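Peer 1: Input structure-v3.cif, format and content: mmCIF, C-alpha atoms.
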```cif
data_query
#
loop_
_atom_site.group_PDB
_atom_site.id
_atom_site.type_symbol
_atom_site.label_atom_id
_atom_site.label_comp_id
_atom_site.auth_asym_id
_atom_site.auth_seq_id
_atom_site.Cartn_x
_atom_site.Cartn_y
_atom_site.Cartn_z
ATOM 1 C CA MET X 1 166.487 30.712 83.726
ATOM 2 C CA THR X 2 166.475 31.643 87.436
ATOM 3 C CA CYS X 3 162.901 32.960 87.198
ATOM 4 C CA ILE X 4 161.783 29.780 85.465
ATOM 5 C CA THR X 5 163.496 27.663 88.130
ATOM 6 C CA GLN X 6 161.898 29.615 90.989
ATOM 7 C CA SER X 7 158.506 29.460 89.292
ATOM 8 C CA SER X 8 158.774 25.686 88.817
ATOM 9 C CA GLU X 9 159.930 25.127 92.398
ATOM 10 C CA GLU X 10 157.082 27.202 93.803
ATOM 11 C CA LYS X 11 154.585 25.408 91.592
ATOM 12 C CA ILE X 12 155.825 22.039 92.849
ATOM 13 C CA LYS X 13 155.749 23.216 96.477
ATOM 14 C CA GLU X 14 152.189 24.536 96.172
ATOM 15 C CA ALA X 15 151.073 21.293 94.545
ATOM 16 C CA ALA X 16 152.868 19.221 97.186
ATOM 17 C CA LYS X 17 151.311 21.264 100.003
ATOM 18 C CA SER X 18 147.837 20.638 98.604
ATOM 19 C CA VAL X 19 148.441 16.892 98.263
ATOM 20 C CA PHE X 20 150.174 16.472 101.647
ATOM 21 C CA LEU X 21 147.340 18.319 103.419
ATOM 22 C CA LYS X 22 144.818 16.015 101.783
ATOM 23 C CA LYS X 23 146.641 12.660 101.957
ATOM 24 C CA GLY X 24 149.459 13.073 104.498
ATOM 25 C CA TYR X 25 153.033 11.910 103.978
ATOM 26 C CA ALA X 26 152.328 8.176 103.866
ATOM 27 C CA GLY X 27 149.418 8.490 101.440
ATOM 28 C CA THR X 28 151.231 10.767 98.979
ATOM 29 C CA THR X 29 153.334 9.536 96.070
ATOM 30 C CA ALA X 30 155.767 11.395 93.836
ATOM 31 C CA ARG X 31 153.323 10.788 90.988
ATOM 32 C CA ASP X 32 150.525 12.514 92.975
ATOM 33 C CA ILE X 33 152.708 15.610 93.375
ATOM 34 C CA ALA X 34 153.809 15.604 89.744
ATOM 35 C CA GLU X 35 150.215 15.301 88.521
ATOM 36 C CA ALA X 36 149.036 18.101 90.840
ATOM 37 C CA ALA X 37 151.852 20.313 89.534
ATOM 38 C CA SER X 38 151.172 19.289 85.900
ATOM 39 C CA MET X 39 154.788 18.175 85.542
ATOM 40 C CA ASN X 40 156.547 14.868 85.004
ATOM 41 C CA ILE X 41 158.112 12.964 87.919
ATOM 42 C CA ALA X 42 161.652 13.442 86.596
ATOM 43 C CA LEU X 43 161.252 17.212 86.819
ATOM 44 C CA THR X 44 159.889 17.166 90.390
ATOM 45 C CA ASN X 45 162.770 14.870 91.419
ATOM 46 C CA TYR X 46 165.241 17.207 89.725
ATOM 47 C CA TYR X 47 164.161 20.100 91.936
ATOM 48 C CA PHE X 48 163.594 18.299 95.244
ATOM 49 C CA ARG X 49 165.405 14.927 94.911
ATOM 50 C CA SER X 50 162.912 13.015 97.081
ATOM 51 C CA LYS X 51 159.409 13.072 98.515
ATOM 52 C CA GLU X 52 160.911 13.158 102.018
ATOM 53 C CA LYS X 53 163.011 16.271 101.348
ATOM 54 C CA LEU X 54 160.014 18.044 99.846
ATOM 55 C CA PHE X 55 157.806 16.966 102.754
ATOM 56 C CA PHE X 56 160.112 18.394 105.420
ATOM 57 C CA GLU X 57 160.361 21.662 103.552
ATOM 58 C CA ILE X 58 156.562 21.857 103.335
ATOM 59 C CA PHE X 59 156.148 20.835 106.989
ATOM 60 C CA ARG X 60 158.553 23.547 108.182
ATOM 61 C CA ASP X 61 156.706 26.163 106.101
ATOM 62 C CA LEU X 62 153.294 25.100 107.410
ATOM 63 C CA PHE X 63 154.436 24.806 111.022
ATOM 64 C CA SER X 64 156.047 28.244 110.800
ATOM 65 C CA TYR X 65 152.829 29.636 109.326
ATOM 66 C CA TYR X 66 150.881 28.052 112.187
ATOM 67 C CA CYS X 67 153.176 29.455 114.886
ATOM 68 C CA LYS X 68 154.356 32.858 113.699
ATOM 69 C CA ASN X 69 151.111 34.751 114.275
ATOM 70 C CA THR X 70 150.747 33.165 117.714
ATOM 71 C CA LEU X 71 154.167 34.461 118.729
ATOM 72 C CA LYS X 72 153.431 37.908 117.246
ATOM 73 C CA ILE X 73 150.325 38.158 119.413
ATOM 74 C CA PHE X 74 152.166 37.081 122.559
ATOM 75 C CA GLU X 75 154.888 39.676 121.978
ATOM 76 C CA LYS X 76 152.383 42.554 121.890
ATOM 77 C CA PRO X 77 152.343 44.990 124.865
ATOM 78 C CA ILE X 78 148.740 44.139 125.792
ATOM 79 C CA SER X 79 147.043 42.311 128.654
ATOM 80 C CA ILE X 80 147.034 38.527 128.831
ATOM 81 C CA ARG X 81 143.237 38.523 128.451
ATOM 82 C CA GLU X 82 143.541 40.504 125.205
ATOM 83 C CA LYS X 83 146.270 38.168 123.966
ATOM 84 C CA LEU X 84 144.170 35.060 124.524
ATOM 85 C CA ILE X 85 141.155 36.570 122.769
ATOM 86 C CA GLU X 86 143.352 37.604 119.821
ATOM 87 C CA LEU X 87 144.882 34.107 119.744
ATOM 88 C CA ILE X 88 141.467 32.451 119.540
ATOM 89 C CA GLU X 89 140.335 34.881 116.828
ATOM 90 C CA GLU X 90 143.556 34.445 114.810
ATOM 91 C CA ASP X 91 143.552 30.655 115.021
ATOM 92 C CA PHE X 92 139.876 30.549 114.134
ATOM 93 C CA GLN X 93 140.485 32.486 110.911
ATOM 94 C CA MET X 94 143.544 30.365 110.065
ATOM 95 C CA MET X 95 141.636 27.088 110.587
ATOM 96 C CA LYS X 96 138.673 28.408 108.620
ATOM 97 C CA LYS X 97 141.014 29.146 105.717
ATOM 98 C CA GLU X 98 142.983 25.853 105.988
ATOM 99 C CA PRO X 99 140.739 23.360 107.861
ATOM 100 C CA SER X 100 143.074 20.453 107.020
ATOM 101 C CA LEU X 101 146.169 22.111 108.491
ATOM 102 C CA VAL X 102 145.688 21.154 112.143
ATOM 103 C CA LEU X 103 144.916 17.508 111.381
ATOM 104 C CA PHE X 104 147.930 17.353 109.055
ATOM 105 C CA LEU X 105 150.315 18.764 111.694
ATOM 106 C CA MET X 106 148.962 16.523 114.462
ATOM 107 C CA THR X 107 149.087 13.397 112.282
ATOM 108 C CA GLU X 108 152.622 13.992 111.036
ATOM 109 C CA ILE X 109 154.007 14.898 114.467
ATOM 110 C CA HIS X 110 152.428 11.713 115.844
ATOM 111 C CA ARG X 111 153.894 9.701 112.953
ATOM 112 C CA ASP X 112 157.475 10.927 113.357
ATOM 113 C CA PRO X 113 157.943 12.940 116.588
ATOM 114 C CA GLU X 114 161.731 12.516 116.745
ATOM 115 C CA ARG X 115 162.343 13.977 113.289
ATOM 116 C CA LEU X 116 159.946 16.864 113.882
ATOM 117 C CA LEU X 117 160.870 17.547 117.523
ATOM 118 C CA PRO X 118 163.310 20.417 116.787
ATOM 119 C CA GLU X 119 160.478 22.480 115.265
ATOM 120 C CA LEU X 120 158.298 21.834 118.329
ATOM 121 C CA SER X 121 161.104 22.587 120.790
ATOM 122 C CA ARG X 122 161.799 26.005 119.294
ATOM 123 C CA PHE X 123 158.119 26.925 119.484
ATOM 124 C CA LYS X 124 157.933 25.756 123.105
ATOM 125 C CA GLU X 125 160.943 27.879 124.111
ATOM 126 C CA LEU X 126 159.553 31.005 122.429
ATOM 127 C CA LEU X 127 156.132 30.397 123.955
ATOM 128 C CA HIS X 128 157.552 30.281 127.465
ATOM 129 C CA VAL X 129 159.639 33.412 126.942
ATOM 130 C CA THR X 130 156.700 35.437 125.614
ATOM 131 C CA LEU X 131 153.898 34.130 127.862
ATOM 132 C CA SER X 132 154.989 32.453 131.106
ATOM 133 C CA ASN X 133 156.227 35.571 132.922
ATOM 134 C CA GLN X 134 153.048 37.506 132.172
ATOM 135 C CA ILE X 135 150.847 34.631 133.356
ATOM 136 C CA GLU X 136 152.907 34.254 136.542
ATOM 137 C CA GLU X 137 152.525 37.972 137.304
ATOM 138 C CA GLU X 138 148.751 37.788 136.857
ATOM 139 C CA ILE X 139 148.546 34.754 139.160
ATOM 140 C CA ILE X 140 150.721 36.377 141.867
ATOM 141 C CA ASN X 141 148.552 39.508 141.790
ATOM 142 C CA GLY X 142 145.388 37.433 142.176
ATOM 143 C CA ARG X 143 143.914 38.360 138.813
ATOM 144 C CA MET X 144 144.170 34.931 137.195
ATOM 145 C CA ARG X 145 143.696 31.332 138.260
ATOM 146 C CA ASN X 146 146.815 29.262 138.840
ATOM 147 C CA ILE X 147 147.461 27.609 135.475
ATOM 148 C CA SER X 148 150.583 26.720 133.498
ATOM 149 C CA VAL X 149 151.221 27.337 129.807
ATOM 150 C CA GLU X 150 151.273 23.544 129.348
ATOM 151 C CA HIS X 151 147.632 23.374 130.486
ATOM 152 C CA LEU X 152 146.481 26.675 129.046
ATOM 153 C CA MET X 153 147.397 26.055 125.396
ATOM 154 C CA PRO X 154 145.681 22.620 125.046
ATOM 155 C CA LEU X 155 142.651 24.038 126.881
ATOM 156 C CA ILE X 156 142.291 26.752 124.249
ATOM 157 C CA MET X 157 143.531 24.955 121.149
ATOM 158 C CA GLY X 158 141.734 21.666 121.752
ATOM 159 C CA SER X 159 138.382 23.433 122.125
ATOM 160 C CA LEU X 160 138.892 25.321 118.874
ATOM 161 C CA GLN X 161 140.630 22.720 116.744
ATOM 162 C CA PHE X 162 138.100 19.925 117.185
ATOM 163 C CA VAL X 163 135.423 21.957 115.400
ATOM 164 C CA PHE X 164 137.513 21.983 112.213
ATOM 165 C CA VAL X 165 139.082 18.534 112.601
ATOM 166 C CA GLY X 166 135.539 17.177 112.809
ATOM 167 C CA LYS X 167 134.087 19.507 110.155
ATOM 168 C CA ASN X 168 133.010 16.789 107.696
ATOM 169 C CA MET X 169 131.581 14.665 110.503
ATOM 170 C CA ASN X 170 129.574 17.598 111.893
ATOM 171 C CA MET X 171 128.237 18.587 108.480
ATOM 172 C CA LYS X 172 127.124 15.017 107.737
ATOM 173 C CA MET X 173 125.713 14.399 111.208
ATOM 174 C CA TYR X 174 123.598 17.565 111.246
ATOM 175 C CA ASN X 175 122.996 17.750 107.490
ATOM 176 C CA ALA X 176 124.541 21.232 107.521
ATOM 177 C CA SER X 177 125.515 23.343 104.546
ATOM 178 C CA GLU X 178 128.849 25.176 104.354
ATOM 179 C CA GLU X 179 127.086 28.388 105.382
ATOM 180 C CA GLU X 180 125.395 26.689 108.339
ATOM 181 C CA PHE X 181 128.672 25.133 109.470
ATOM 182 C CA ASN X 182 130.415 28.523 109.310
ATOM 183 C CA ALA X 183 127.675 30.060 111.474
ATOM 184 C CA PHE X 184 127.990 27.161 113.942
ATOM 185 C CA ALA X 185 131.791 27.552 114.068
ATOM 186 C CA GLU X 186 131.504 31.316 114.666
ATOM 187 C CA ASN X 187 129.102 30.742 117.569
ATOM 188 C CA HIS X 188 131.368 28.049 118.978
ATOM 189 C CA LYS X 189 134.370 30.404 118.837
ATOM 190 C CA ASN X 190 132.448 33.028 120.810
ATOM 191 C CA LEU X 191 131.507 30.412 123.416
ATOM 192 C CA ILE X 192 135.165 29.419 123.771
ATOM 193 C CA ILE X 193 136.219 33.050 124.310
ATOM 194 C CA SER X 194 133.518 33.504 126.948
ATOM 195 C CA MET X 195 134.239 30.230 128.770
ATOM 196 C CA ILE X 196 138.035 30.644 128.758
ATOM 197 C CA THR X 197 138.070 34.264 129.927
ATOM 198 C CA GLU X 198 135.335 33.814 132.547
ATOM 199 C CA TYR X 199 137.128 30.796 134.009
ATOM 200 C CA LEU X 200 140.686 32.154 133.944
ATOM 201 C CA PHE X 201 140.266 35.706 135.126
ATOM 202 C CA ILE X 202 139.135 36.461 138.661
ATOM 203 C CA SER X 203 136.693 39.340 138.916
ATOM 204 C CA GLU X 204 137.187 41.867 141.679
ATOM 205 C CA THR X 205 134.259 41.899 144.058
ATOM 206 C CA VAL X 206 133.001 45.190 145.401
ATOM 207 C CA SER X 207 132.541 45.104 149.206
#
```
Mind turning the file's structure into structure tokens?
Peer 2:
Amino acid sequence: MTCITQSSEEKIKEAAKSVFLKKGYAGTTARDIAEAASMNIALTNYYFRSKEKLFFEIFRDLFSYYCKNTLKIFEKPISIREKLIELIEEDFQMMKKEPSLVLFLMTEIHRDPERLLPELSRFKELLHVTLSNQIEEEIINGRMRNISVEHLMPLIMGSLQFVFVGKNMNMKMYNASEEEFNAFAENHKNLIISMITEYLFISETVS
């Protein structure tokens, strides 16, 4: 019975994740989730009681998925330049796999920031612990431009995220196939790495 229950719960969660990513919280109904899970509404309500409860569970899972690899990279004993390049590479692969994820997170945080603030606050605290001291050291030693984490992260993430948030628009505008879009996105990622690293890190001049 336990195995059946876990299997049903996971099936509902996977179905709900797919629907929420596509339609968002406001556009999703309990019937949408039940149909995606091939179950009746009574059964989905039995496991999760309400759409809201299921949504917050899905949101926490997706936000954790979005953040955990970022924090793993920042905890590595490598240079800040290497960390930023790894971050761009990791986020690129994640967005390529789940192009709707970023838009979903941004939309839902904008819709209900107070309810979702605790998740954001924990990420912010961990980000500062793992990154701020290393950036400050690089700045003091004259190897990096004076920039705060608050400016650095939007500078990187905004440049990368817009490619995938605007994927459908770009494909329509330039009449691009999936393969052509992927090639464009790969080139864009490499440009971001080059622009970010060349701007942030101060080269030593030989006298």
Peer 1: Show which residues sit within 9 Å of range 51-67 of chain X, as JSON, numbers by chain. Count only C-alpha atoms, and ignore same-chain residues fewer than 2 positions away.
Peer 2: {"X": [13, 14, 16, 17, 20, 25, 28, 29, 30, 33, 45, 48, 49, 69, 70, 71, 72, 91, 94, 101, 102, 105, 108, 116, 119, 120, 123]}
Peer 1: Which of these, X:Ile139, X:Leu191, X:Leu84, X:Val149, has the shortest distance to Lys124 in chain X once you count all atoms listed in the file?
Peer 2: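 Smallest distance to Lys124 in chain X is found for X:Val149.
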Peer 1: List the spatial neighbours of Phe181 in chain X as a PyMOL selection string - criterion: any atom at most 8 Å away, all atoms listed in the file, same-chain residues fewer than 3 positions off excluded.
Peer 2: chain X and resi 167+170-171+176-178+184-185
Peer 1: Would you mind reading off the distance between CA of Ile12 in chain X and CA of Ala37 in chain X, one decimal, in Å?
Peer 2: 5.5 Å
Peer 1: Figure out the distance between CA of Phe92 in chain X and CA of Val19 in chain X, please, to one decimal in Å.
Peer 2: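 Distance between the two atoms: 22.6 Å.
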Peer 1: I'd like the neighbourhood of Pro99 in chain X as a PyMOL selection string, where a residue qualifies if any of its atoms comes within 10 Å (using only C-alpha atoms), though same-chain residues fewer than 4 positions away should be ignored.
Peer 2: chain X and resi 21+92-95+103-104+161+163-167
Peer 1: For the PyMOL selection byres ((chain X and resi 80) around 9), applied here, can you spell out every residue it catches as a list of chain:residue names?
Peer 2: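 Those residues are X:Phe74, X:Ile78, X:Ser79, X:Arg81, X:Glu82, X:Lys83, X:Leu84, X:Ile85, X:Leu131, X:Gln134, X:Ile135, X:Glu138.
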Peer 1: How would the residues just chosen look if you wrote them out with C-alpha atoms as a CSV table (one decimal), in the coordinates of the input?
Peer 2:
```
chain,number,residue,atom,x,y,z
X,74,PHE,CA,152.2,37.1,122.6
X,78,ILE,CA,148.7,44.1,125.8
X,79,SER,CA,147.0,42.3,128.7
X,81,ARG,CA,143.2,38.5,128.5
X,82,GLU,CA,143.5,40.5,125.2
X,83,LYS,CA,146.3,38.2,124.0
X,84,LEU,CA,144.2,35.1,124.5
X,85,ILE,CA,141.2,36.6,122.8
X,131,LEU,CA,153.9,34.1,127.9
X,134,GLN,CA,153.0,37.5,132.2
X,135,ILE,CA,150.8,34.6,133.4
X,138,GLU,CA,148.8,37.8,136.9
```
Peer 1: What's the separation between CA of Lys23 in chain X and CA of Asn40 in chain X, in Å to one decimal place?
Peer 2: 19.8 Å
Peer 1: Need the axis-aligned box for range 84-103 of chain X with 8 Å each side, so what are the centre and edges in Å to one decimal, as AutoDock Vina command-line options?
Peer 2:
```
--center_x 142.4 --center_y 27.6 --center_z 115.1 --size_x 23.5 --size_y 36.1 --size_z 34.8
```
Peer 1: With all atoms listed in the file as the atoms that count, which of X:Met153, X:Met144, X:Ala36, X:Met195 lies nearest to His128 in chain X?
Peer 2: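 Closest candidate: X:Met153.
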Peer 1: Which residues match the PyMOL selection byres ((chain X and resi 155) around 12) in the file above, as number ranges by chain?
Peer 2: X: 84, 88, 147-154, 156-162, 192-193, 195-197, 199-200
Peer 1: Quick one: of X:Glu75, X:Ser203, X:Ala42, X:Ser121, who's nearest to Asn133 in chain X, counting all atoms listed in the file?
Peer 2: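 Closest to Asn133 in chain X, using all atoms listed in the file: X:Glu75.
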Peer 1: Taking all atoms listed in the file into account, name the residue in X:Lys68, X:Lys11, X:Arg31, X:His110 that is nearest to Glu90 in chain X.
Peer 2: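 Closest residue, counting all atoms listed in the file: X:Lys68.
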Peer 1: So, with all atoms listed in the file as the atoms that count, which of X:Asn190, X:Glu86, X:Glu10, X:Ile202 lies closest to Asn141 in chain X?
Peer 2: X:Ile202
Peer 1: Export range 46-164 of chain X, C-alpha atoms, as a short mmCIF file (atom, residue, chain, number, x, y, z; two decimals), in the first residue's frame; it's the structure right above.
Peer 2:
```cif
data_model
loop_
_atom_site.label_atom_id
_atom_site.label_comp_id
_atom_site.auth_asym_id
_atom_site.auth_seq_id
_atom_site.Cartn_x
_atom_site.Cartn_y
_atom_site.Cartn_z
CA TYR X 46 -7.02 13.00 -1.24
CA TYR X 47 -3.24 13.14 -1.54
CA PHE X 48 -2.66 16.90 -1.57
CA ARG X 49 -5.89 18.46 -0.20
CA SER X 50 -5.66 21.60 -2.35
CA LYS X 51 -4.08 23.10 -5.45
CA GLU X 52 -2.31 25.65 -3.24
CA LYS X 53 -0.65 23.01 -1.04
CA LEU X 54 0.51 21.10 -4.10
CA PHE X 55 1.77 24.30 -5.73
CA PHE X 56 3.96 25.29 -2.79
CA GLU X 57 5.43 21.82 -2.63
CA ILE X 58 6.24 21.96 -6.35
CA PHE X 59 7.60 25.51 -6.07
CA ARG X 60 9.95 24.56 -3.22
CA ASP X 61 11.21 21.55 -5.21
CA LEU X 62 11.81 23.61 -8.35
CA PHE X 63 13.42 26.51 -6.50
CA SER X 64 15.69 24.09 -4.65
CA TYR X 65 16.61 22.45 -7.96
CA TYR X 66 17.39 25.89 -9.40
CA CYS X 67 19.58 26.92 -6.46
CA LYS X 68 21.36 23.80 -5.23
CA ASN X 69 23.85 23.49 -8.09
CA THR X 70 24.64 27.20 -7.86
CA LEU X 71 25.55 26.84 -4.20
CA LYS X 72 27.59 23.68 -4.89
CA ILE X 73 29.66 25.60 -7.43
CA PHE X 74 30.24 28.52 -5.08
CA GLU X 75 31.41 26.20 -2.30
CA LYS X 76 34.15 24.68 -4.48
CA PRO X 77 37.80 25.58 -3.65
CA ILE X 78 38.39 27.23 -7.04
CA SER X 79 38.92 30.79 -8.26
CA ILE X 80 36.02 33.20 -8.60
CA ARG X 81 36.58 33.33 -12.37
CA GLU X 82 36.23 29.54 -12.58
CA LYS X 83 33.11 29.65 -10.41
CA LEU X 84 31.39 32.20 -12.63
CA ILE X 85 32.19 30.24 -15.79
CA GLU X 86 30.88 27.04 -14.18
CA LEU X 87 27.75 28.91 -13.05
CA ILE X 88 27.01 30.13 -16.57
CA GLU X 89 27.61 26.65 -18.01
CA GLU X 90 25.45 24.95 -15.35
CA ASP X 91 22.57 27.39 -15.67
CA PHE X 92 22.72 27.17 -19.45
CA GLN X 93 22.29 23.39 -19.35
CA MET X 94 19.50 23.65 -16.76
CA MET X 95 17.59 26.24 -18.82
CA LYS X 96 18.11 24.23 -21.99
CA LYS X 97 16.55 21.22 -20.26
CA GLU X 98 13.69 23.19 -18.60
CA PRO X 99 13.25 26.43 -20.63
CA SER X 100 9.98 27.24 -18.82
CA LEU X 101 11.51 27.06 -15.34
CA VAL X 102 12.94 30.58 -15.12
CA LEU X 103 9.77 32.26 -16.39
CA PHE X 104 7.70 30.17 -13.96
CA LEU X 105 9.85 31.14 -10.95
CA MET X 106 9.93 34.83 -11.89
CA THR X 107 6.17 34.97 -12.53
CA GLU X 108 5.21 33.22 -9.30
CA ILE X 109 7.62 35.24 -7.14
CA HIS X 110 6.20 38.42 -8.69
CA ARG X 111 2.65 37.18 -8.07
CA ASP X 112 3.12 36.35 -4.39
CA PRO X 113 6.48 37.65 -3.05
CA GLU X 114 5.46 37.60 0.62
CA ARG X 115 4.51 33.92 0.63
CA LEU X 116 7.63 32.92 -1.30
CA LEU X 117 10.07 35.29 0.44
CA PRO X 118 11.43 32.71 2.93
CA GLU X 119 12.77 30.58 0.05
CA LEU X 120 14.46 33.64 -1.48
CA SER X 121 15.90 34.82 1.84
CA ARG X 122 17.61 31.51 2.53
CA PHE X 123 19.20 31.52 -0.92
CA LYS X 124 20.39 35.11 -0.45
CA GLU X 125 22.03 34.29 2.90
CA LEU X 126 23.83 31.24 1.49
CA LEU X 127 24.92 33.20 -1.57
CA HIS X 128 26.56 35.88 0.54
CA VAL X 129 28.32 33.35 2.77
CA THR X 130 29.76 31.42 -0.18
CA LEU X 131 30.58 34.30 -2.55
CA SER X 132 30.89 37.75 -0.97
CA ASN X 133 34.15 37.17 0.92
CA GLN X 134 35.90 35.78 -2.14
CA ILE X 135 34.75 38.69 -4.31
CA GLU X 136 35.86 41.21 -1.66
CA GLU X 137 39.32 39.62 -1.52
CA GLU X 138 39.69 39.80 -5.30
CA ILE X 139 38.64 43.47 -5.30
CA ILE X 140 41.04 44.39 -2.46
CA ASN X 141 43.92 42.69 -4.28
CA GLY X 142 43.14 44.60 -7.48
CA ARG X 143 42.25 41.55 -9.53
CA MET X 144 38.55 42.30 -9.96
CA ARG X 145 36.40 45.36 -10.54
CA ASN X 146 34.45 46.71 -7.58
CA ILE X 147 31.08 44.97 -7.83
CA SER X 148 28.61 43.59 -5.30
CA VAL X 149 26.85 40.22 -5.40
CA GLU X 150 23.57 42.13 -5.81
CA HIS X 151 24.83 43.55 -9.13
CA LEU X 152 26.85 40.55 -10.23
CA MET X 153 24.08 37.93 -10.18
CA PRO X 154 21.51 39.91 -12.25
CA LEU X 155 24.30 40.86 -14.67
CA ILE X 156 25.02 37.18 -15.32
CA MET X 157 21.56 35.67 -14.94
CA GLY X 158 19.66 38.33 -16.88
CA SER X 159 21.96 37.94 -19.89
CA LEU X 160 21.49 34.17 -19.90
CA GLN X 161 17.85 33.85 -18.91
CA PHE X 162 16.40 36.17 -21.55
CA VAL X 163 17.54 33.84 -24.34
CA PHE X 164 15.31 31.06 -22.98
#
```
